[in-house]
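Q: One structure, pasted below without further comment.
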Amino acid sequence: MSEPGRRAGPDAATVHARNRRSWNAVTPAHQAHKQDQAGFLRGGGSTLFPEELELLGDVAGLDVVHLQCNCGQDSLSIAARGARVVGVDLADAAIDEARALSAASGIPARFERSEVVAWLAATARGGAPRFDVAFASYGALPWIPDLTAWVRGAAGVLRPGGRLAILEFHPFAWCVSATGEVVEPYFDDRPIEEPDGVRDYVGAAGDGLAPMGFRAADPDFHNPEPAVCFQWTVAGLLQAICDAGLRLTTIREWAHANGCPILGERMRKAGRRFYRAAGVPELPLMLGVVAERAPETT
Ligand SMILES: C[S@@+](CC[C@H](N)C(=O)[O-])C[C@H]1O[C@@H](n2cnc3c(N)ncnc32)[C@H](O)[C@@H]1O
């Protein structure tokens, strides 16, 4: 059994190198499905869902770091709400896309290509904490082999009173089949090998992940680069938050998944929300957490 919050298996450098290749390979396939993103953002469009807006709160005038920002659509949607945003991601292709989208949309934000835990540690070492909000969402945590270090790192870049806001797919959702049988362990300390790499989940979601308009693109995309990911339980995340000295202020669960039919859910409701099929018992499909760094005392 590995320590809670940290996984045995391939060393972190090997995990990140593999995942960097896999995300680089899949990024053009994902992007090919999205129509005019810059025009969408310029016209006031946003890729954020109400659930993360609730967790983020009012960000106007705040410094926000978007962890694992992918191609930056959400980062720029946050910036458009008046925040100064820095986005960090491992994938070269994703950061190139994010920078290009910032330039094309005219929405300023800074994007840095880096492994996130290393970036957080270097940033914390570099001087006074400078972010009011650290934000991560929709498939960020499963790529992290050391969740304790990730949460500690995020806490370390927050100003006193700053908050960590996480909107994730619920870890229990990865354990059940479309019909509700438990097919994968909820408690799983092993690295999870993905021989087919990061999938084209944007194509599979139809317009669920493309509010700017969906294009069918290559239906036969196959990722040649395998990936490796990790299962983090709710308790694993909350314990990492406690251990980092943050105070939990919000915890939410939802019976739908935004944008993605992650369990093959066929019931789609307004707002690109995917529920389990009618007649199949509901399960938690998304998890929301906000935790605060203690305010400065005088
Ligand atoms: C599912 S995406 C997150 C989507 C994101 N919430 C958004 O706004 O589009 C996961 C991202 O994590 C990044 N990633 C994976 N491992 C990472 C690491 N160790 N450090 C930084 N980024 C990482 C991938 O490159 C990918 O862009």
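Here's how to read the names in the structure tokens: chain A, B, ... by the order shown, residue numbers from 1 in each chain, ligand numbers from 1 in the order shown.
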Pick out the residues sitting within 12 Å of Gln31 in chain A, and hand them over as an MDAnalysis selection string; count only C-alpha atoms, and ignore anything fewer than 4 positions along from it in its own chain.

A: chainID A and resid 23:27 35:37 70:73 93:94 96:98 101 200:203 209:210 212:218

Q: Please, could you write that set of residues out with C-alpha atoms as a PDB file, in the first residue's frame?

A:
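This is the output file selection26.pdb:
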```pdb
ATOM      1  CA  TRP A  23      -1.667  15.091 -24.506  1.00  0.00           C
ATOM      2  CA  ASN A  24       0.461  16.572 -27.290  1.00  0.00           C
ATOM      3  CA  ALA A  25      -0.793  13.876 -29.643  1.00  0.00           C
ATOM      4  CA  VAL A  26      -4.482  14.291 -28.799  1.00  0.00           C
ATOM      5  CA  THR A  27      -4.634  18.088 -28.657  1.00  0.00           C
ATOM      6  CA  GLN A  35     -15.310  25.992 -34.507  1.00  0.00           C
ATOM      7  CA  ASP A  36     -14.333  29.665 -34.234  1.00  0.00           C
ATOM      8  CA  GLN A  37     -13.185  29.807 -30.597  1.00  0.00           C
ATOM      9  CA  ASN A  70      -5.329  22.674 -21.348  1.00  0.00           C
ATOM     10  CA  CYS A  71      -5.930  24.932 -24.403  1.00  0.00           C
ATOM     11  CA  GLY A  72      -6.974  27.892 -22.301  1.00  0.00           C
ATOM     12  CA  GLN A  73     -10.645  28.331 -23.190  1.00  0.00           C
ATOM     13  CA  ALA A  93       0.499  21.761 -27.951  1.00  0.00           C
ATOM     14  CA  ALA A  94      -2.106  22.917 -25.416  1.00  0.00           C
ATOM     15  CA  ASP A  96       0.643  26.917 -27.933  1.00  0.00           C
ATOM     16  CA  GLU A  97      -3.117  26.810 -28.570  1.00  0.00           C
ATOM     17  CA  ALA A  98      -3.871  28.791 -25.409  1.00  0.00           C
ATOM     18  CA  LEU A 101      -6.336  31.918 -28.593  1.00  0.00           C
ATOM     19  CA  ASP A 200     -10.775  12.033 -28.376  1.00  0.00           C
ATOM     20  CA  TYR A 201     -13.428  12.695 -25.732  1.00  0.00           C
ATOM     21  CA  VAL A 202     -14.246  16.025 -27.376  1.00  0.00           C
ATOM     22  CA  GLY A 203     -15.373  14.204 -30.521  1.00  0.00           C
ATOM     23  CA  LEU A 209     -17.676  20.406 -25.108  1.00  0.00           C
ATOM     24  CA  ALA A 210     -17.992  22.799 -28.024  1.00  0.00           C
ATOM     25  CA  MET A 212     -18.643  27.626 -29.934  1.00  0.00           C
ATOM     26  CA  GLY A 213     -19.939  25.063 -32.461  1.00  0.00           C
ATOM     27  CA  PHE A 214     -18.974  21.450 -33.140  1.00  0.00           C
ATOM     28  CA  ARG A 215     -17.221  20.001 -36.178  1.00  0.00           C
ATOM     29  CA  ALA A 216     -17.171  16.202 -36.706  1.00  0.00           C
ATOM     30  CA  ALA A 217     -13.442  15.960 -37.761  1.00  0.00           C
ATOM     31  CA  ASP A 218     -11.578  12.614 -37.796  1.00  0.00           C
TER      32      ASP A 218
END
```

Q: Show me, as a list of chain:residue names, the residues that have an atom within 9 Å of Leu263 in chain A when counting only C-alpha atoms, minus same-chain residues fewer than 2 positions from it.

A: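 My reading of the contact set: A:Ala173, A:Trp174, A:Val176, A:Ser177, A:Ala178, A:Thr179, A:Ala257, A:Cys260, A:Pro261, A:Glu265, A:Arg266, A:Tyr275, A:Arg276, A:Leu285.
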
Q: Give me the residues near Arg293 in chain A as an MDAnalysis selection string, where near means some atom within 6 Å (using only C-alpha atoms) and where sequence neighbours in that chain fewer than 6 positions away do not count.

A: chainID A and resid 160:162 246

Q: Create the file for the chosen residues now, containing N, CA and C atoms and written as a PDB file, in the first residue's frame.

A:
```pdb
ATOM      1  N   PRO A 160      -2.938  34.846   1.863  1.00  0.00           N
ATOM      2  CA  PRO A 160      -3.829  34.613   3.001  1.00  0.00           C
ATOM      3  C   PRO A 160      -5.258  34.976   2.602  1.00  0.00           C
ATOM      4  N   GLY A 161      -6.204  34.093   2.936  1.00  0.00           N
ATOM      5  CA  GLY A 161      -7.600  34.323   2.552  1.00  0.00           C
ATOM      6  C   GLY A 161      -7.918  33.836   1.153  1.00  0.00           C
ATOM      7  N   GLY A 162      -6.897  33.418   0.403  1.00  0.00           N
ATOM      8  CA  GLY A 162      -7.117  32.915  -0.960  1.00  0.00           C
ATOM      9  C   GLY A 162      -7.768  31.546  -0.937  1.00  0.00           C
ATOM     10  N   LEU A 246      -5.464  23.945   4.714  1.00  0.00           N
ATOM     11  CA  LEU A 246      -6.575  24.740   4.171  1.00  0.00           C
ATOM     12  C   LEU A 246      -7.858  24.390   4.921  1.00  0.00           C
TER      13      LEU A 246
END
```

Q: Kindly work out which residues sit at most 9 Å from ligand 1, using only C-alpha atoms and all ligand atoms, and give the list as a PyMOL selection string.

A: chain A and resi 12+15-17+19-24+27+47-48+66-75+88-95+113-119+135-145+167-168+198+229

Q: Can you spit out the residues from that selection as an mmCIF file, in the first residue's frame, using C-alpha atoms?

A:
```cif
data_model
loop_
_atom_site.group_PDB
_atom_site.id
_atom_site.type_symbol
_atom_site.label_atom_id
_atom_site.label_comp_id
_atom_site.auth_asym_id
_atom_site.auth_seq_id
_atom_site.Cartn_x
_atom_site.Cartn_y
_atom_site.Cartn_z
ATOM 1 C CA ALA A 12 6.888 10.952 -11.532
ATOM 2 C CA VAL A 15 4.574 9.551 -15.767
ATOM 3 C CA HIS A 16 4.792 13.185 -16.834
ATOM 4 C CA ALA A 17 6.908 12.474 -19.928
ATOM 5 C CA ASN A 19 1.417 11.990 -20.423
ATOM 6 C CA ARG A 20 3.018 15.003 -22.075
ATOM 7 C CA ARG A 21 3.432 12.976 -25.285
ATOM 8 C CA SER A 22 -0.105 11.645 -25.070
ATOM 9 C CA TRP A 23 -1.667 15.091 -24.506
ATOM 10 C CA ASN A 24 0.461 16.572 -27.290
ATOM 11 C CA THR A 27 -4.634 18.088 -28.657
ATOM 12 C CA THR A 47 -16.925 27.966 -21.827
ATOM 13 C CA LEU A 48 -17.602 27.973 -18.061
ATOM 14 C CA HIS A 66 -5.636 27.903 -13.644
ATOM 15 C CA LEU A 67 -3.940 24.562 -12.999
ATOM 16 C CA GLN A 68 -3.830 22.143 -15.948
ATOM 17 C CA CYS A 69 -5.476 24.748 -18.157
ATOM 18 C CA ASN A 70 -5.329 22.674 -21.348
ATOM 19 C CA CYS A 71 -5.930 24.932 -24.403
ATOM 20 C CA GLY A 72 -6.974 27.892 -22.301
ATOM 21 C CA GLN A 73 -10.645 28.331 -23.190
ATOM 22 C CA ASP A 74 -11.718 28.232 -19.543
ATOM 23 C CA SER A 75 -8.735 30.350 -18.489
ATOM 24 C CA VAL A 88 -0.218 26.208 -16.456
ATOM 25 C CA ASP A 89 -0.153 22.968 -18.418
ATOM 26 C CA LEU A 90 2.208 20.119 -19.229
ATOM 27 C CA ALA A 91 1.351 19.865 -22.922
ATOM 28 C CA ASP A 92 3.309 21.991 -25.395
ATOM 29 C CA ALA A 93 0.499 21.761 -27.951
ATOM 30 C CA ALA A 94 -2.106 22.917 -25.416
ATOM 31 C CA ILE A 95 -0.050 25.929 -24.300
ATOM 32 C CA ARG A 113 4.213 25.202 -20.120
ATOM 33 C CA SER A 114 5.303 23.219 -17.114
ATOM 34 C CA GLU A 115 4.613 20.215 -14.974
ATOM 35 C CA VAL A 116 2.196 21.713 -12.492
ATOM 36 C CA VAL A 117 3.611 20.459 -9.168
ATOM 37 C CA ALA A 118 7.112 21.595 -10.154
ATOM 38 C CA TRP A 119 5.685 24.957 -11.263
ATOM 39 C CA PHE A 135 -8.615 26.649 -9.904
ATOM 40 C CA ALA A 136 -8.653 23.190 -11.500
ATOM 41 C CA SER A 137 -11.433 21.352 -13.274
ATOM 42 C CA TYR A 138 -12.778 18.462 -15.332
ATOM 43 C CA GLY A 139 -10.103 15.817 -15.461
ATOM 44 C CA ALA A 140 -7.185 17.625 -13.813
ATOM 45 C CA LEU A 141 -6.573 15.491 -10.700
ATOM 46 C CA PRO A 142 -6.369 12.023 -12.324
ATOM 47 C CA TRP A 143 -3.040 12.933 -13.954
ATOM 48 C CA ILE A 144 -1.315 13.689 -10.673
ATOM 49 C CA PRO A 145 0.737 10.926 -9.004
ATOM 50 C CA LEU A 167 -14.643 21.041 -9.959
ATOM 51 C CA GLU A 168 -13.973 17.423 -10.874
ATOM 52 C CA VAL A 198 -5.848 10.211 -24.002
ATOM 53 C CA CYS A 229 -3.448 8.180 -14.636
#
```

Q: Extract the full set of strand (DSSP E or B) residues from range 52-231 of chain A according to DSSP on the backbone, and format it as a ChimeraX atom specification.

A: /A:63-67,84-89,110-113,131-137,146,158-169,176,182,192-194,214,227-229

Q: Between A:Leu283, A:Val228, A:Ala205, A:Pro219, single out the one closest to Glu181 in chain A, counting only C-alpha atoms.

A: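 Among the listed residues, the smallest separation from Glu181 in chain A belongs to A:Leu283.
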
Q: Just to confirm, what's the straight-line distance from CA of Val289 in chain A to CA of Gly197 in chain A in Å (one decimal)?

A: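 Between these atoms lies a distance of 27.9 Å.
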